[in-house]
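This is input-v1.txt (compact mmCIF, C-alpha atoms).
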```txt
# COMPACT_ATOMS: atom_id res chain seq x y z
CA MET A 717 -9.32 3.65 -21.52
CA ARG A 718 -11.35 4.64 -18.47
CA LEU A 719 -10.16 7.85 -16.84
CA ASN A 720 -9.38 6.32 -13.44
CA LYS A 721 -7.30 3.58 -15.08
CA PHE A 722 -5.55 6.19 -17.23
CA LEU A 723 -4.55 8.27 -14.19
CA ALA A 724 -3.27 5.16 -12.42
CA SER A 725 -1.40 3.94 -15.51
CA ILE A 726 0.62 7.14 -15.84
CA GLY A 727 1.45 7.14 -12.15
CA VAL A 728 -0.62 10.09 -10.96
CA CYS A 729 -2.48 8.16 -8.27
CA SER A 730 -4.28 4.90 -7.58
CA ARG A 731 -7.66 4.20 -9.18
CA ARG A 732 -9.39 4.77 -5.86
CA GLU A 733 -7.72 8.15 -5.45
CA ALA A 734 -8.52 8.96 -9.08
CA ASP A 735 -12.22 8.29 -8.47
CA ARG A 736 -12.17 10.65 -5.48
CA ALA A 737 -10.49 13.37 -7.55
CA ILE A 738 -13.03 12.92 -10.35
CA GLU A 739 -15.95 13.07 -7.90
CA ALA A 740 -14.49 16.30 -6.50
CA ASN A 741 -14.49 17.83 -10.03
CA ARG A 742 -10.69 18.15 -9.98
CA VAL A 743 -10.12 16.33 -13.28
CA MET A 744 -10.83 17.72 -16.74
CA ILE A 745 -10.73 16.21 -20.23
CA ASN A 746 -10.23 18.72 -23.05
CA GLY A 747 -11.12 21.58 -20.71
CA GLU A 748 -14.37 20.07 -19.47
CA ILE A 749 -15.01 18.60 -16.02
CA ALA A 750 -14.83 14.82 -16.26
CA SER A 751 -17.31 12.38 -14.76
CA LEU A 752 -16.86 8.92 -13.27
CA GLY A 753 -16.57 6.35 -16.03
CA ALA A 754 -15.30 8.87 -18.58
CA MET A 755 -13.09 7.48 -21.34
CA VAL A 756 -9.74 8.89 -22.50
CA GLY A 757 -8.81 8.71 -26.18
CA GLU A 758 -5.36 9.10 -27.74
CA LYS A 759 -5.89 12.79 -28.58
CA ASP A 760 -7.63 13.78 -25.34
CA LEU A 761 -5.89 16.26 -23.03
CA VAL A 762 -6.21 15.45 -19.32
CA SER A 763 -5.61 17.94 -16.51
CA LEU A 764 -5.75 17.74 -12.72
CA ASP A 765 -6.37 20.76 -10.50
CA GLY A 766 -6.03 23.00 -13.54
CA LYS A 767 -2.62 21.62 -14.55
CA TYR A 768 -2.05 19.65 -17.74
CA ILE A 769 -1.05 16.03 -17.06
CA ALA A 770 -0.92 14.03 -20.28
CA THR A 771 -2.65 12.89 -23.44
CA GLY A 772 -4.09 9.47 -24.09
CA LYS A 773 -0.96 8.52 -26.06
CA ASP A 774 1.30 9.07 -23.04
CA VAL A 775 0.21 5.79 -21.44
CA GLU A 776 2.38 3.93 -23.94
CA LYS A 777 5.45 5.93 -22.88
CA VAL A 778 5.26 5.16 -19.16
CA LYS A 779 8.10 2.92 -17.97
CA PRO A 780 6.91 0.48 -15.28
CA ILE A 781 8.36 1.29 -11.85
CA ILE A 782 8.05 -0.87 -8.74
CA ILE A 783 10.29 -0.10 -5.77
CA ALA A 784 10.69 -1.54 -2.29
CA PHE A 785 11.09 1.15 0.38
CA ASN A 786 12.06 0.70 4.02
CA LYS A 787 9.79 3.32 5.57
CA PRO A 788 11.07 4.98 8.73
CA GLU A 789 8.75 5.76 11.63
CA GLY A 790 7.29 9.25 11.38
CA VAL A 791 6.84 9.22 7.59
CA VAL A 792 3.25 9.05 6.33
CA CYS A 793 1.87 7.25 3.29
CA THR A 794 -0.79 9.78 2.34
CA THR A 795 0.24 12.47 -0.13
CA SER A 796 -1.66 15.10 1.86
CA ASP A 797 -1.00 15.34 5.58
CA ASN A 798 -2.22 17.90 8.09
CA ASP A 799 0.31 17.55 10.90
CA GLY A 800 3.40 18.49 8.92
CA ALA A 801 4.88 15.00 8.66
CA MET A 802 6.77 14.16 5.46
CA ASN A 803 5.05 11.77 3.07
CA VAL A 804 6.79 8.84 1.39
CA VAL A 805 6.67 10.28 -2.12
CA ASP A 806 8.46 13.48 -1.06
CA TYR A 807 10.85 11.50 1.15
CA ILE A 808 11.98 9.30 -1.75
CA GLY A 809 12.09 12.23 -4.17
CA MET A 810 11.83 10.38 -7.49
CA LYS A 811 11.12 12.55 -10.52
CA GLU A 812 8.71 9.93 -11.88
CA ARG A 813 5.16 9.85 -10.53
CA ILE A 814 4.76 6.96 -8.09
CA TYR A 815 2.38 6.22 -5.25
CA PRO A 816 2.32 3.76 -2.33
CA VAL A 817 0.60 0.40 -2.62
CA GLY A 818 -1.43 0.42 0.57
CA ARG A 819 -0.27 2.02 3.78
CA LEU A 820 1.84 1.72 6.88
CA ASP A 821 0.87 3.73 9.94
CA LYS A 822 2.96 6.79 10.73
CA ASP A 823 4.25 5.04 13.86
CA SER A 824 5.10 1.83 11.96
CA SER A 825 8.15 1.06 9.85
CA GLY A 826 9.28 -1.40 7.23
CA LEU A 827 8.51 -2.59 3.74
CA LEU A 828 6.31 -0.48 1.50
CA LEU A 829 5.92 -0.93 -2.24
CA LEU A 830 5.56 2.12 -4.47
CA THR A 831 4.67 1.98 -8.15
CA ASN A 832 3.15 3.64 -11.17
CA GLN A 833 1.32 0.44 -12.08
CA GLY A 834 -2.41 0.60 -11.41
CA ALA A 835 -3.01 -3.14 -11.83
CA LEU A 836 -0.57 -3.96 -9.04
CA THR A 837 -2.13 -1.46 -6.65
CA ASN A 838 -5.69 -2.58 -7.31
CA THR A 839 -4.91 -6.28 -6.93
CA LEU A 840 -2.99 -5.93 -3.67
CA LEU A 841 -5.62 -3.67 -2.12
CA LYS A 842 -8.61 -5.89 -2.85
CA ALA A 843 -9.75 -7.29 0.50
CA ALA A 844 -10.97 -10.50 -1.13
CA ASN A 845 -7.44 -11.41 -2.20
CA TYR A 846 -5.53 -13.33 0.45
CA HIS A 847 -2.07 -11.83 -0.11
CA GLU A 848 0.41 -12.41 2.71
CA LYS A 849 2.09 -9.57 4.59
CA GLU A 850 4.50 -10.37 7.41
CA TYR A 851 5.31 -8.19 10.41
CA ILE A 852 7.65 -8.29 13.41
CA VAL A 853 5.92 -6.83 16.47
CA LYS A 854 7.20 -5.91 19.93
CA VAL A 855 4.66 -5.45 22.74
CA ASN A 856 4.85 -4.10 26.27
CA LYS A 857 4.13 -7.40 28.05
CA ASP A 858 5.40 -10.94 27.89
CA ILE A 859 3.83 -13.24 25.32
CA ASP A 860 2.24 -16.51 26.45
CA ASP A 861 0.56 -19.44 24.71
CA GLU A 862 -2.89 -17.95 25.26
CA PHE A 863 -1.86 -14.77 23.43
CA ILE A 864 -0.49 -16.74 20.47
CA GLU A 865 -3.64 -18.87 20.27
CA LYS A 866 -6.03 -15.91 20.41
CA MET A 867 -4.11 -13.93 17.81
CA SER A 868 -3.82 -16.96 15.51
CA ASN A 869 -7.50 -17.91 15.62
CA GLY A 870 -8.82 -14.44 14.92
CA ILE A 871 -10.14 -11.73 17.23
CA TYR A 872 -13.45 -9.91 17.07
CA LEU A 873 -12.77 -6.18 16.84
CA TYR A 874 -15.83 -4.44 18.22
CA GLU A 875 -14.87 -1.00 16.90
CA LEU A 876 -14.73 -2.41 13.36
CA LYS A 877 -17.57 -4.90 13.90
CA THR A 878 -15.63 -7.74 12.32
CA LYS A 879 -13.48 -10.72 13.24
CA THR A 880 -9.97 -10.94 11.90
CA ARG A 881 -9.00 -13.84 9.67
CA LYS A 882 -6.97 -16.70 11.07
CA CYS A 883 -3.27 -15.96 10.74
CA LYS A 884 0.20 -17.32 11.43
CA VAL A 885 1.75 -16.11 14.69
CA LYS A 886 5.13 -17.16 16.05
CA LYS A 887 6.82 -16.14 19.29
CA LEU A 888 10.35 -14.81 18.71
CA ASN A 889 11.28 -13.83 22.27
CA LYS A 890 9.48 -12.95 25.49
CA ASN A 891 7.73 -9.87 24.08
CA THR A 892 8.28 -10.06 20.30
CA PHE A 893 6.40 -12.10 17.71
CA SER A 894 5.98 -12.44 13.96
CA ILE A 895 2.55 -12.36 12.37
CA VAL A 896 1.45 -13.07 8.79
CA LEU A 897 -1.80 -11.37 7.78
CA THR A 898 -3.94 -11.84 4.69
CA GLN A 899 -6.08 -8.75 5.23
CA GLY A 900 -5.45 -5.10 5.95
CA LEU A 901 -7.95 -3.69 8.43
CA ASN A 902 -7.30 -0.24 9.84
CA ARG A 903 -4.56 -0.48 12.50
CA GLN A 904 -5.33 -4.19 12.63
CA ILE A 905 -2.32 -5.49 14.57
CA ARG A 906 -2.52 -2.70 17.13
CA ARG A 907 -6.23 -3.36 17.65
CA MET A 908 -5.66 -7.13 17.94
CA CYS A 909 -2.93 -6.63 20.52
CA ALA A 910 -5.08 -4.20 22.49
CA ALA A 911 -7.84 -6.82 22.60
CA CYS A 912 -5.26 -9.14 24.21
CA ASP A 913 -4.23 -6.51 26.79
CA ARG A 914 -1.00 -5.66 24.98
CA LYS A 915 0.29 -2.38 23.58
CA VAL A 916 2.46 -2.32 20.47
CA GLN A 917 5.83 -0.72 21.08
CA LYS A 918 7.34 -1.38 17.66
CA LEU A 919 5.80 -2.66 14.43
CA ASN A 920 7.93 -3.47 11.39
CA ARG A 921 6.72 -4.98 8.12
CA VAL A 922 9.29 -7.34 6.61
CA ARG A 923 7.49 -8.99 3.69
CA ILE A 924 4.73 -8.41 1.12
CA VAL A 925 3.90 -11.61 -0.81
CA ASN A 926 7.34 -12.64 -2.12
CA ILE A 927 9.08 -9.29 -1.64
CA LYS A 928 11.28 -9.17 1.46
CA LEU A 929 12.91 -6.32 3.34
CA ASP A 930 16.11 -8.30 3.89
CA GLY A 931 19.09 -5.96 4.33
CA LEU A 932 17.52 -2.77 2.98
CA ALA A 933 18.52 0.07 5.31
CA VAL A 934 15.89 2.27 6.94
CA GLY A 935 15.04 5.14 4.59
CA ASP A 936 16.52 3.43 1.52
CA TYR A 937 14.73 2.00 -1.49
CA ARG A 938 15.55 -0.31 -4.37
CA ASN A 939 14.00 -1.37 -7.65
CA LEU A 940 12.54 -4.85 -7.71
CA SER A 941 14.54 -7.34 -9.74
CA GLU A 942 13.03 -8.84 -12.87
CA GLU A 943 12.65 -12.16 -11.07
CA GLU A 944 10.93 -10.54 -8.06
CA THR A 945 8.56 -8.67 -10.35
CA ARG A 946 7.80 -11.75 -12.46
CA ARG A 947 7.04 -13.85 -9.39
CA LEU A 948 5.00 -11.10 -7.74
CA TYR A 949 2.79 -10.70 -10.79
CA LYS A 950 2.44 -14.46 -11.10
CA GLU A 951 1.35 -14.87 -7.47
CA LEU A 952 -1.09 -11.98 -7.82
CA GLY A 953 -2.52 -13.38 -11.03
CA ILE A 954 -1.62 -10.31 -13.08
CA ARG A 955 -0.84 -11.19 -16.68
CA ASP A 956 1.36 -8.21 -17.48
CA ASN A 957 3.14 -5.34 -15.75
CA GLY A 958 0.43 -2.78 -16.21
```
Please render this file's structure as structure tokens.
Amino acid sequence: MRLNKFLASIGVCSRREADRAIEANRVMINGEIASLGAMVGEKDLVSLDGKYIATGKDVEKVKPIIIAFNKPEGVVCTTSDNDGAMNVVDYIGMKERIYPVGRLDKDSSGLLLLTNQGALTNTLLKAANYHEKEYIVKVNKDIDDEFIEKMSNGIYLYELKTKTRKCKVKKLNKNTFSIVLTQGLNRQIRRMCAACDRKVQKLNRVRIVNIKLDGLAVGDYRNLSEEETRRLYKELGIRDNG
């Protein structure tokens, strides 16, 4: 098994984060610095930052974990943060190694999936995959038909040099709307609103593919049901849970 997939499979980090750690010479196999593309055998000993992690056999022992978390504002999704804010992994405090699937801005709240399953993370994060994510957004000015039309048809974001994909936008009240995105550009909704002379006051994610926030309290998490997991993997085109 490739080293980056191995690290993701045992819940240490995502494959992307694993590649960065390998490039930074932080990962060793049998006491030697590992390189990108390195393979892990059953008897190989893997360490990160000088600390033993696992052997190749340990992949078989990992129990799949996928949880839905209602992230509060002020909690960050990165595991290393410079401004002292708590990250989601520490906030949840599970003994098993898990990591967030994608991100929510520090100032945003709502549904975040965390897992130890590398296949799930990689599939959801691929930009080419049109996986729906739904948000409820409150802005500082009233919403009119022009705003809905511009947001729905896609907006060119000059700072990112790209146009957003067409999306579903629905007015909920005078200054609140729902939006369903199929891409995840950096601070996308905030940038789109700014391009329409609006400032986001509150941003809450309520759905990722088929997984909904529903009545989950802020700061709480729950394990996905077998049916939710089965349907999620089916919609993502993943054949198994790992």
Please determine, counting all atoms listed in the file, which residue among A:Phe722, A:Val916, A:Leu929, A:Arg742 has the shortest atom-to-atom distance to Glu758 (chain A).
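Distance minimum relative to Glu758 (chain A) lands on A:Phe722.
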Across A:Leu919, A:Ile859, A:Leu723, A:Ile954, the smallest distance to Lys890 (chain A), with only C-alpha atoms counted, is shown by A:Ile859
Pick out the residues sitting within 9 Å of Tyr851 (chain A), and hand them over as an MDAnalysis selection string; count all atoms listed in the file, and ignore anything fewer than 4 positions along from it in its own chain.
chainID A and resid 826 893:897 919:923
Skipping near chain neighbours, those fewer than 3 positions away, what residues fall within 8 Å of region 827-842 of chain A using only C-alpha atoms, listed as an MDAnalysis selection string?
chainID A and resid 721 724:731 780:787 813:820 845 847 920:924 928:929 949 952 954 957:958
Could you give me, as a PyMOL selection string, the residues that have an atom at most 10 Å away from the point (-8.3, -5.8, 17.0) in the coordinates of the file, using only C-alpha atoms?
chain A and resi 867+870-880+901-912
Record the distance separating CA of Asn889 (chain A) and CA of Val855 (chain A), expressed in Å with one decimal.
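According to the coordinates, CA of Asn889 (chain A) and CA of Val855 (chain A) are separated by 10.7 Å.
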Could you give me, as a list in words, the residues within 7 Å of region 749-756 of chain A, counting all atoms listed in the file and dropping anything in the same chain fewer than 6 positions from it?
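The filter keeps Met717, Arg718, Leu719, Asp735, Ile738, Glu739, Asn741, Val743 and Gly772 of chain A.
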Need to verify the contact set: Glu944 (chain A), 7 Å, all atoms listed in the file, exclusion of same-chain residues closer than 4 positions in sequence. Can you return it as a list in words?
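Near neighbours after the sequence-gap exclusion: Ile927, Leu940 and Leu948 of chain A.
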